[in-house]
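Participant: What follows is a single structure, and I will ask about it in a moment.
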Amino acid sequence: MLGKLFKMMGVCGLIGLISSAQAAGSWSTSVPGVMVAMSDRETRSQSMTPPDSVQVHNRVIDRIHWQLETPPGSAINAWLCHPEQCVALSGGRGTVTELAGRQVSAPLQFRFKLLPGQRPVRVQGLQVIVNYQ
C-alpha cells in the first residue's frame, strides 16, 4: 500500500513538472540602433514587447538575455528598463534576473546616456531574449 502511494506521488510530481515546463516560454526581438548624443538626457530605444503570436497573459519574467554593440573603446551608461524598474547593464551582453517576477507583457526598453565630455556614440545590435514563467 505504501509503495503504491509513493508511486502515485511520483506520477503527480512528474505531472507537475510537465505542467510547469509547458507554462514556461521565451520570446525574442531586436530593435533599431540609436545615436546617443547627450550626457544629461537619456536616449531610449524603441519599446520591445512580445509578438502577438506569443500568449503571455498573467506570465512573469524569469530572466532576460540582452545584447548591444558600441564602437570599440567607447564607454556608455546603459540600462534595460521595465515600466517598474531599470537595471544597469555593463559590457556588450549579459543576463538580467533583477526583473524576475515582473509582468512579461509590459514593454521593455534600452536607455543610454553618454559620460560627461564624451563624443556621440551609435549603439546598435539591440536584442533581448525574454524567458518567462
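By convention here, the chains of the C-alpha cells are called A, B, ... in the order presented, each chain's residues are numbered starting at 1, and ligands are numbered starting at 1 in the order presented.
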Which residues are close to segment 42-45 of chain A, i.e. within 7 Å by only C-alpha atoms, leaving aside same-chain residues fewer than 3 positions away? Reply as a list in words.
Facilitator: Val34, Val36, Gln109, Phe110, Arg111, Phe112 and Lys113 of chain A
Participant: Now that the selection is made, can you save its residues with C-alpha atoms as a PDB file, in the first residue's frame?
Facilitator:
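Below you can see again22.pdb, which holds the result:
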ATOM      1  CA  VAL A  34      20.152  54.673 -31.644  1.00  0.00           C
ATOM      2  CA  VAL A  36      23.385  58.675 -28.123  1.00  0.00           C
ATOM      3  CA  GLN A 109      13.338  49.464 -23.450  1.00  0.00           C
ATOM      4  CA  PHE A 110      17.068  50.115 -23.602  1.00  0.00           C
ATOM      5  CA  ARG A 111      18.163  53.511 -22.249  1.00  0.00           C
ATOM      6  CA  PHE A 112      21.525  55.181 -22.712  1.00  0.00           C
ATOM      7  CA  LYS A 113      23.486  58.245 -21.572  1.00  0.00           C
TER       8      LYS A 113
END
Participant: Assign secondary structure with DSSP using the backbone only, and return the residues of chain A in strand (DSSP E) as an MDAnalysis selection string.
Facilitator: chainID A and resid 25:31 34:36 43:44 61:69 77:82 85:89 93:96 109:113 121:132
Participant: Can you tell me which residues surround segment 89-101 of chain A at a distance of at most 8 Å, considering only C-alpha atoms, apart from same-chain residues fewer than 6 positions away, and format the answer as a list in words?
Facilitator: Val60, Ile61, Asp62, Arg63, Ile64, His65, Trp66, Gln67, Leu68, Glu69, Thr70, Asn77, Ala78, Trp79, Leu80 and His82 of chain A
Participant: Output C-alpha atoms of each residue in that selection to a file, as a PDB file, in the first residue's frame.
Facilitator:
ATOM      1  CA  VAL A  60       6.077  36.806 -15.375  1.00  0.00           C
ATOM      2  CA  ILE A  61       9.682  37.346 -16.401  1.00  0.00           C
ATOM      3  CA  ASP A  62      12.220  34.753 -15.307  1.00  0.00           C
ATOM      4  CA  ARG A  63      15.360  36.216 -16.916  1.00  0.00           C
ATOM      5  CA  ILE A  64      16.366  38.357 -19.873  1.00  0.00           C
ATOM      6  CA  HIS A  65      19.404  37.803 -22.065  1.00  0.00           C
ATOM      7  CA  TRP A  66      20.451  41.046 -23.748  1.00  0.00           C
ATOM      8  CA  GLN A  67      22.971  42.228 -26.301  1.00  0.00           C
ATOM      9  CA  LEU A  68      24.120  45.571 -27.699  1.00  0.00           C
ATOM     10  CA  GLU A  69      27.074  46.857 -29.709  1.00  0.00           C
ATOM     11  CA  THR A  70      29.069  50.064 -29.254  1.00  0.00           C
ATOM     12  CA  ASN A  77      25.849  54.211 -19.424  1.00  0.00           C
ATOM     13  CA  ALA A  78      23.215  51.643 -20.368  1.00  0.00           C
ATOM     14  CA  TRP A  79      20.061  50.263 -18.738  1.00  0.00           C
ATOM     15  CA  LEU A  80      17.379  47.723 -19.593  1.00  0.00           C
ATOM     16  CA  HIS A  82      10.673  47.618 -17.493  1.00  0.00           C
TER      17      HIS A  82
END
Participant: Which is closer to Ile129 of chain A than all the others in A:Ala37, A:Met48, A:Val87, A:Leu115, using only C-alpha atoms?
Facilitator: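 Selected residue with least distance to Ile129 of chain A: A:Met48.
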Participant: Give the alpha helix (DSSP H) residues of chain A, as DSSP finds them on the backbone, and put them as a PyMOL selection string.
Facilitator: chain A and resi 2-23
Participant: Let me make sure I understand: among A:Ser47, A:Leu114, A:Ser53, A:Ser39, which one has the smallest atom-to-atom distance to Trp27 of chain A if we use only C-alpha atoms?
Facilitator: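 Using only C-alpha atoms, the shortest distance to Trp27 of chain A belongs to A:Ser53.
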Participant: Quick one: of A:Cys81, A:Val123, A:Val56, A:Ile76, who's nearest to Gln103 of chain A, counting only C-alpha atoms?
Facilitator: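 Distance minimum relative to Gln103 of chain A lands on A:Val56.
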Participant: Quick one, how far is atom CA of Met35 of chain A from atom CA of Val128 of chain A?
Facilitator: 18.8 Å
